[in-house]
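The block underneath contains the structure these notes are about, expressed in structure tokens.
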Amino acid sequence: MATMFPTDVDFPAGRHGERTVWEALRDQLPDEVVVWYSVRVLDGAREREIDLLVGWPGVGFAAIEVKGGRVGRTEEGWYSSGAGGSHRIEDPVAQVQDARHHLTNRLREHGVAAQRAVAARWVHVVAFPAMTVPPSWEMPGCPRGIVIDQVDLDHVAERIRAAINLHGTGHAPPDGDDVRAVAEALAAVLADRQDPRTRAREQETVADQLTADQGMILEAIQHWRRARIIGGAGTGKTWLAMEQARRLAGRGERVALVCYSRGLARYLERRTRTWRRSERPAYVGLFHDLPVRWGAEPGGDDDSDYYETRLPRRLRELAAEMPPAEKFDAIVVDEAQDFSDAWWPALLACLRDDERGGLFVFLDDGQKVFPRQGQDPISLDPFQLSKNLRNTKQIGQLIGSMSAVAMIPRGLPGPPVRVADVPAENALDAADGIVAELLDQGWEPGDVALITTAHRHPVQKELVEGRGWDAYWDEYFDGEEVFYGHVLGFKGLERRVVVLCVNGLTGDRARERLYTGMSRATSLLVLVGPRDLVESVGGEGVRRRLTSAEPM
């Protein structure tokens, strides 16, 4: 099934033909193909529109003009007929050819990558989904090969491929990078006419597609029993960790998928429940819940010695007593930078074979927000993830300026980062007001998270104390209300819009907290707090990036 931009279209009245062709393309084209609906290009005061644009890696681009109803041509020109009679219409071939010409001219303005995509194979096509066109039909400038009729819709993918191959212009088929370059350029061209949620959905679609492409890394290590994967925020580590656990379980191994943060653990639990039973890990959740499941006494949240010393020691003791059937063939650890030195021997003790058992760790030292030290027991050179996939280009560039390793932002262009420069003591009230503004601007409550860096928001305290952690996190995943959280508990998670309330940044981990908090927004980041503090903690790279921020 093709990737559609936007993912859902509310077709206006009288556009049934466009819906018919859109659905046929969506259902028949392969997964790697991208289809855009209603691509409009401004040329001075005149606006041109391509009804549907297809980007097919390895084949080419096709601009499609759709004409519903019965369409014909006489010596006087083109006409459309229906219940209300006949009327003259613009030449659909000239119309789509002209729109394609102006679109490619605009794309050339968006850098070398888009220019390369324009040089690839392109064709224009006309679609008449409500009528049948004889196979022998042809007219000057419009061979039958660039016409799709009602019958052709049953094999529209083949017709698009044939049209590009037989009638397309350009040097060579585009590759995946060429299609992504067009996607990025179109996002910039179309930004002014799209509502924020549509742009956010497009960013998510591209992010999901790019993240899934990371699966090739797991192919490279499929025969390894130990691996360390390092990547900055937004590089797709959590997806890779889950996918590795799924693949191992699917091969018949008994797998544990563990992490440290409650919210991330709840996410892993909910996602893995949707998998086929044969692919589900035997244990999914918090590292420190595993020994409790095996018989350890629960501890209090404020007892650090319990979690840092006594619990890992108790896990080793319990693991020594466990029959092999209860232990694991492989353990996958997400956000492994949170694990202390005492936890690693305890984890290894949970393997059926602590020498040859599988251990796969995914981490980002830039998000080491807790004051503990730990080094995983893997001596092999790590795999380095260098592409930010989950954030818009603007957010990716901002957090990339804080990363210890170079990161390449691959997300779509999005709105500028916004900054409300207020004292730390006023940040919470200001952040509440900005959330209200965002809702007035068209964002849904479930799109927005208000994340604090110091004291927790009163709403968060009330929800946790009144309903418990599981219900608190389930409300987040239900995605219907504004989420109130803290940067320490939001690692590995994301929302379209994050209002990062900088109500304090102190201590040795201030930089890590800022970096982690900013990276949780996929489409729009709003920083609320003292700007000089953000720039001081973030460094010169953040200061430079924020020169293009939008004040609030």
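FYI, nothing fancy with the structure tokens labels: chains A, B, ... in order, residues from 1 per chain, ligands from 1 as they appear.
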
Give me the residues near range 277-280 of chain A as a PyMOL selection string, where near means some atom within 10 Å (using only C-alpha atoms) and where sequence neighbours in that chain fewer than 6 positions away do not count. chain A and resi 242-243+245-257+269+271

Residues as selected, C-alpha atoms, written as a short mmCIF file (atom, residue, chain, number, x, y, z; two decimals), in the first residue's frame, can you do that?
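So the final result, stored in selection04.cif, reads:
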```cif
data_model
loop_
_atom_site.label_atom_id
_atom_site.label_comp_id
_atom_site.auth_asym_id
_atom_site.auth_seq_id
_atom_site.Cartn_x
_atom_site.Cartn_y
_atom_site.Cartn_z
CA MET A 242 11.37 -3.57 19.71
CA GLU A 243 11.99 -4.98 16.24
CA ALA A 245 13.03 -8.38 20.30
CA ARG A 246 10.24 -9.31 17.87
CA ARG A 247 12.62 -10.99 15.45
CA LEU A 248 14.41 -12.96 18.17
CA ALA A 249 11.11 -14.17 19.64
CA GLY A 250 9.90 -15.06 16.17
CA ARG A 251 12.92 -17.35 15.80
CA GLY A 252 11.79 -19.24 18.87
CA GLU A 253 14.01 -17.58 21.49
CA ARG A 254 12.80 -16.68 24.96
CA VAL A 255 13.34 -12.91 25.09
CA ALA A 256 13.23 -10.14 27.69
CA LEU A 257 12.70 -6.53 26.53
CA GLU A 269 4.00 -3.42 26.93
CA ARG A 271 2.87 -2.23 21.57
#
```

Gly489 in chain A: which residues within 9 Å, counting only C-alpha atoms, same-chain residues fewer than 5 positions away excluded, as a ChimeraX atom specification? /A:261-264

For Glu335 in chain A, list every protein, DNA or RNA residue within 10 Å, evaluated using only C-alpha atoms, and leave out those in the same chain fewer than 2 positions away; present the list as a list in words.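 The residues satisfying every condition are Ile230, Lys237, Thr238, Ala241, Val258, Cys259, Tyr260, Ser261, Leu264, Val333, Gln337, Asp338, Phe339, Val361, Phe362, Leu363, Asp364, Asp365, Gln367, Lys368, Lys491 and Gly492 of chain A.
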
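Non-sequential neighbours of range 9-25 of chain A (distance at most 7 Å, separation of 5 or more positions within a chain, only C-alpha atoms) are Val66, Lys67, Gly68, Pro129, Leu153, Val156 and Ala157 of chain A.
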
Considering only C-alpha atoms, return as a ChimeraX atom specification whatever protein or nucleic-acid residues lie within 10 Å of Ala120 in chain A, sequence-local ones (same chain, fewer than 5 positions apart) excluded. /A:58-61,115,168-175,178-179

Residue selection dump (N, CA and C atoms) as a PDB file, in the first residue's frame:
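The result, written out as out04.pdb:
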```pdb
ATOM      1  N   GLY A  58      12.789   3.898  -8.301  1.00  0.00           N
ATOM      2  CA  GLY A  58      13.116   2.885  -9.292  1.00  0.00           C
ATOM      3  C   GLY A  58      12.294   2.955 -10.550  1.00  0.00           C
ATOM      4  N   VAL A  59      11.280   3.827 -10.599  1.00  0.00           N
ATOM      5  CA  VAL A  59      10.413   3.938 -11.782  1.00  0.00           C
ATOM      6  C   VAL A  59      10.359   5.393 -12.258  1.00  0.00           C
ATOM      7  N   GLY A  60       9.749   6.289 -11.488  1.00  0.00           N
ATOM      8  CA  GLY A  60       9.678   7.682 -11.892  1.00  0.00           C
ATOM      9  C   GLY A  60       8.564   8.433 -11.197  1.00  0.00           C
ATOM     10  N   PHE A  61       8.311   9.653 -11.652  1.00  0.00           N
ATOM     11  CA  PHE A  61       7.253  10.518 -11.127  1.00  0.00           C
ATOM     12  C   PHE A  61       6.147  10.652 -12.180  1.00  0.00           C
ATOM     13  N   GLN A 115      16.919  19.191  -7.285  1.00  0.00           N
ATOM     14  CA  GLN A 115      17.287  19.356  -8.690  1.00  0.00           C
ATOM     15  C   GLN A 115      17.583  18.005  -9.330  1.00  0.00           C
ATOM     16  N   GLY A 168       7.815   8.825 -20.456  1.00  0.00           N
ATOM     17  CA  GLY A 168       8.458   9.734 -19.522  1.00  0.00           C
ATOM     18  C   GLY A 168       9.693  10.404 -20.093  1.00  0.00           C
ATOM     19  N   THR A 169       9.962  11.595 -19.606  1.00  0.00           N
ATOM     20  CA  THR A 169      11.192  12.307 -19.966  1.00  0.00           C
ATOM     21  C   THR A 169      12.127  12.271 -18.769  1.00  0.00           C
ATOM     22  N   GLY A 170      13.402  12.484 -19.013  1.00  0.00           N
ATOM     23  CA  GLY A 170      14.361  12.474 -17.913  1.00  0.00           C
ATOM     24  C   GLY A 170      15.435  11.442 -18.143  1.00  0.00           C
ATOM     25  N   HIS A 171      16.471  11.504 -17.309  1.00  0.00           N
ATOM     26  CA  HIS A 171      17.671  10.698 -17.545  1.00  0.00           C
ATOM     27  C   HIS A 171      17.563   9.275 -17.004  1.00  0.00           C
ATOM     28  N   ALA A 172      16.999   9.120 -15.803  1.00  0.00           N
ATOM     29  CA  ALA A 172      17.015   7.808 -15.155  1.00  0.00           C
ATOM     30  C   ALA A 172      15.917   7.761 -14.108  1.00  0.00           C
ATOM     31  N   PRO A 173      15.525   6.561 -13.685  1.00  0.00           N
ATOM     32  CA  PRO A 173      14.529   6.457 -12.613  1.00  0.00           C
ATOM     33  C   PRO A 173      15.065   7.087 -11.324  1.00  0.00           C
ATOM     34  N   PRO A 174      14.190   7.663 -10.503  1.00  0.00           N
ATOM     35  CA  PRO A 174      14.629   8.223  -9.212  1.00  0.00           C
ATOM     36  C   PRO A 174      14.877   7.107  -8.211  1.00  0.00           C
ATOM     37  N   ASP A 175      15.700   7.397  -7.204  1.00  0.00           N
ATOM     38  CA  ASP A 175      15.840   6.460  -6.095  1.00  0.00           C
ATOM     39  C   ASP A 175      15.065   6.989  -4.888  1.00  0.00           C
ATOM     40  N   ASP A 178      15.685  10.582  -3.975  1.00  0.00           N
ATOM     41  CA  ASP A 178      15.053  11.563  -4.866  1.00  0.00           C
ATOM     42  C   ASP A 178      13.597  11.806  -4.463  1.00  0.00           C
ATOM     43  N   VAL A 179      12.888  10.729  -4.146  1.00  0.00           N
ATOM     44  CA  VAL A 179      11.490  10.878  -3.735  1.00  0.00           C
ATOM     45  C   VAL A 179      11.403  11.641  -2.413  1.00  0.00           C
TER      46      VAL A 179
END
```

Based on DSSP run over this structure's backbone, return all residues of range 409-544 of chain A in alpha helix (DSSP H), as a ChimeraX atom specification. /A:427-440,458-467,469-478,510-518,531-538,540-544

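Taking only C-alpha atoms into account, Glu32 in chain A lies nearest to A:Asp213 out of the set A:Asp213, A:Ala404, A:Ala99, A:Leu439.
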
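Considering the residues A:Gln95, A:Val182, A:Ile148, A:Leu463 and counting only C-alpha atoms, Leu107 in chain A has its shortest atom-to-atom contact with A:Val182.
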
One residue among A:Lys327, A:Arg26, A:Arg161, A:Arg293 is nearest to Thr7 in chain A when using only C-alpha atoms, and that residue is A:Arg26

With only C-alpha atoms as the atoms that count, which of A:Ile378, A:Leu268, A:Ser80, A:Lys387 lies nearest to Phe477 in chain A?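 For Phe477 in chain A, the nearest of the candidates is A:Leu268.
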
Residues near Ser519 in chain A, cut-off 9 Å, only C-alpha atoms, skip fewer than 5 positions along chain, as a VMD selection string: chain A and resid 233 to 234 390 to 391 395 to 396 398 to 399 494 498 514 525

Those in range 205-362 of chain A with strand (DSSP E) from DSSP, as a list in words: Arg226, Ala227, Arg228, Ile229, Ile230, Gly231, Val255, Ala256, Leu257, Val258, Cys259, Tyr283, Val284, Gly285, Leu286, Ala330, Ile331, Val332, Val333, Gly358, Leu359, Phe360, Val361 and Phe362 of chain A

Write a file of the selected residues as a compact mmCIF listing (two decimals), in the first residue's frame, keeping N, CA and C atoms.
```
# COMPACT_ATOMS: atom_id res chain seq x y z
N ARG A 226 25.82 -10.44 20.61
CA ARG A 226 26.00 -9.22 21.41
C ARG A 226 26.11 -8.04 20.46
N ALA A 227 25.44 -6.94 20.77
CA ALA A 227 25.55 -5.75 19.93
C ALA A 227 25.18 -4.52 20.74
N ARG A 228 25.84 -3.44 20.40
CA ARG A 228 25.64 -2.14 21.05
C ARG A 228 25.29 -1.13 19.97
N ILE A 229 24.10 -0.55 20.04
CA ILE A 229 23.64 0.40 19.03
C ILE A 229 23.49 1.76 19.70
N ILE A 230 24.22 2.74 19.20
CA ILE A 230 24.25 4.08 19.78
C ILE A 230 23.63 5.06 18.78
N GLY A 231 22.81 5.94 19.28
CA GLY A 231 22.24 6.96 18.40
C GLY A 231 21.66 8.11 19.19
N VAL A 255 12.75 -14.25 25.12
CA VAL A 255 13.34 -12.91 25.09
C VAL A 255 12.78 -12.04 26.20
N ALA A 256 13.65 -11.20 26.77
CA ALA A 256 13.23 -10.14 27.69
C ALA A 256 13.53 -8.80 27.03
N LEU A 257 12.55 -7.90 27.04
CA LEU A 257 12.70 -6.53 26.53
C LEU A 257 12.51 -5.59 27.71
N VAL A 258 13.59 -4.93 28.14
CA VAL A 258 13.55 -4.16 29.38
C VAL A 258 14.02 -2.73 29.17
N CYS A 259 13.61 -1.86 30.10
CA CYS A 259 14.06 -0.47 30.13
C CYS A 259 13.95 0.01 31.56
N TYR A 283 9.12 -11.54 28.51
CA TYR A 283 8.98 -10.49 29.52
C TYR A 283 9.18 -9.14 28.84
N VAL A 284 8.29 -8.20 29.12
CA VAL A 284 8.39 -6.83 28.62
C VAL A 284 8.09 -5.89 29.77
N GLY A 285 8.99 -4.95 30.04
CA GLY A 285 8.69 -3.97 31.08
C GLY A 285 9.92 -3.44 31.76
N LEU A 286 9.71 -2.92 32.96
CA LEU A 286 10.77 -2.33 33.76
C LEU A 286 11.77 -3.40 34.21
N ALA A 330 17.84 -14.38 25.22
CA ALA A 330 18.34 -13.07 24.81
C ALA A 330 17.64 -11.98 25.60
N ILE A 331 18.36 -10.88 25.85
CA ILE A 331 17.81 -9.72 26.54
C ILE A 331 18.08 -8.49 25.67
N VAL A 332 17.04 -7.69 25.46
CA VAL A 332 17.16 -6.43 24.71
C VAL A 332 16.90 -5.29 25.67
N VAL A 333 17.81 -4.32 25.72
CA VAL A 333 17.72 -3.20 26.66
C VAL A 333 17.58 -1.91 25.88
N GLY A 358 22.12 -13.90 24.17
CA GLY A 358 22.05 -12.65 23.44
C GLY A 358 21.89 -11.44 24.36
N LEU A 359 22.63 -10.38 24.10
CA LEU A 359 22.48 -9.11 24.81
C LEU A 359 22.60 -7.99 23.79
N PHE A 360 21.52 -7.22 23.63
CA PHE A 360 21.47 -6.15 22.64
C PHE A 360 21.05 -4.86 23.34
N VAL A 361 21.93 -3.87 23.31
CA VAL A 361 21.66 -2.65 24.06
C VAL A 361 21.57 -1.46 23.10
N PHE A 362 20.63 -0.57 23.38
CA PHE A 362 20.36 0.61 22.58
C PHE A 362 20.44 1.83 23.50
```

Just checking: using only C-alpha atoms, which residue out of A:His87, A:Arg352, A:Arg180, A:Arg270 ends up closest to Ala113 in chain A?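 Going through A:His87, A:Arg352, A:Arg180, A:Arg270 one by one, the smallest distance to Ala113 in chain A is for A:Arg180.
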
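Among the candidates A:Gly295, A:Ala471, A:Val419, A:Ala427, the one nearest to Glu535 in chain A when counting only C-alpha atoms is A:Val419.
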
At a cut-off of 9 Å, using only C-alpha atoms, what residues contact Ile408 in chain A? Leave out same-chain residues fewer than 5 positions from it and give the result as number ranges by chain. A: 386-389, 396-397, 400

Output C-alpha atoms of each residue in that selection to a file, as a PDB file, in the first residue's frame.
```pdb
ATOM      1  CA  SER A 386      23.623   9.181  12.596  1.00  0.00           C
ATOM      2  CA  LYS A 387      20.288  10.246  11.062  1.00  0.00           C
ATOM      3  CA  ASN A 388      17.582  12.057  12.989  1.00  0.00           C
ATOM      4  CA  LEU A 389      14.328  10.624  11.648  1.00  0.00           C
ATOM      5  CA  GLY A 396      16.530  17.936  14.404  1.00  0.00           C
ATOM      6  CA  GLN A 397      18.997  20.737  13.702  1.00  0.00           C
ATOM      7  CA  GLY A 400      21.821  18.055  16.684  1.00  0.00           C
TER       8      GLY A 400
END
```

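Going from CA of Trp343 in chain A over to CA of Pro312 in chain A, you cover 5.5 Å.
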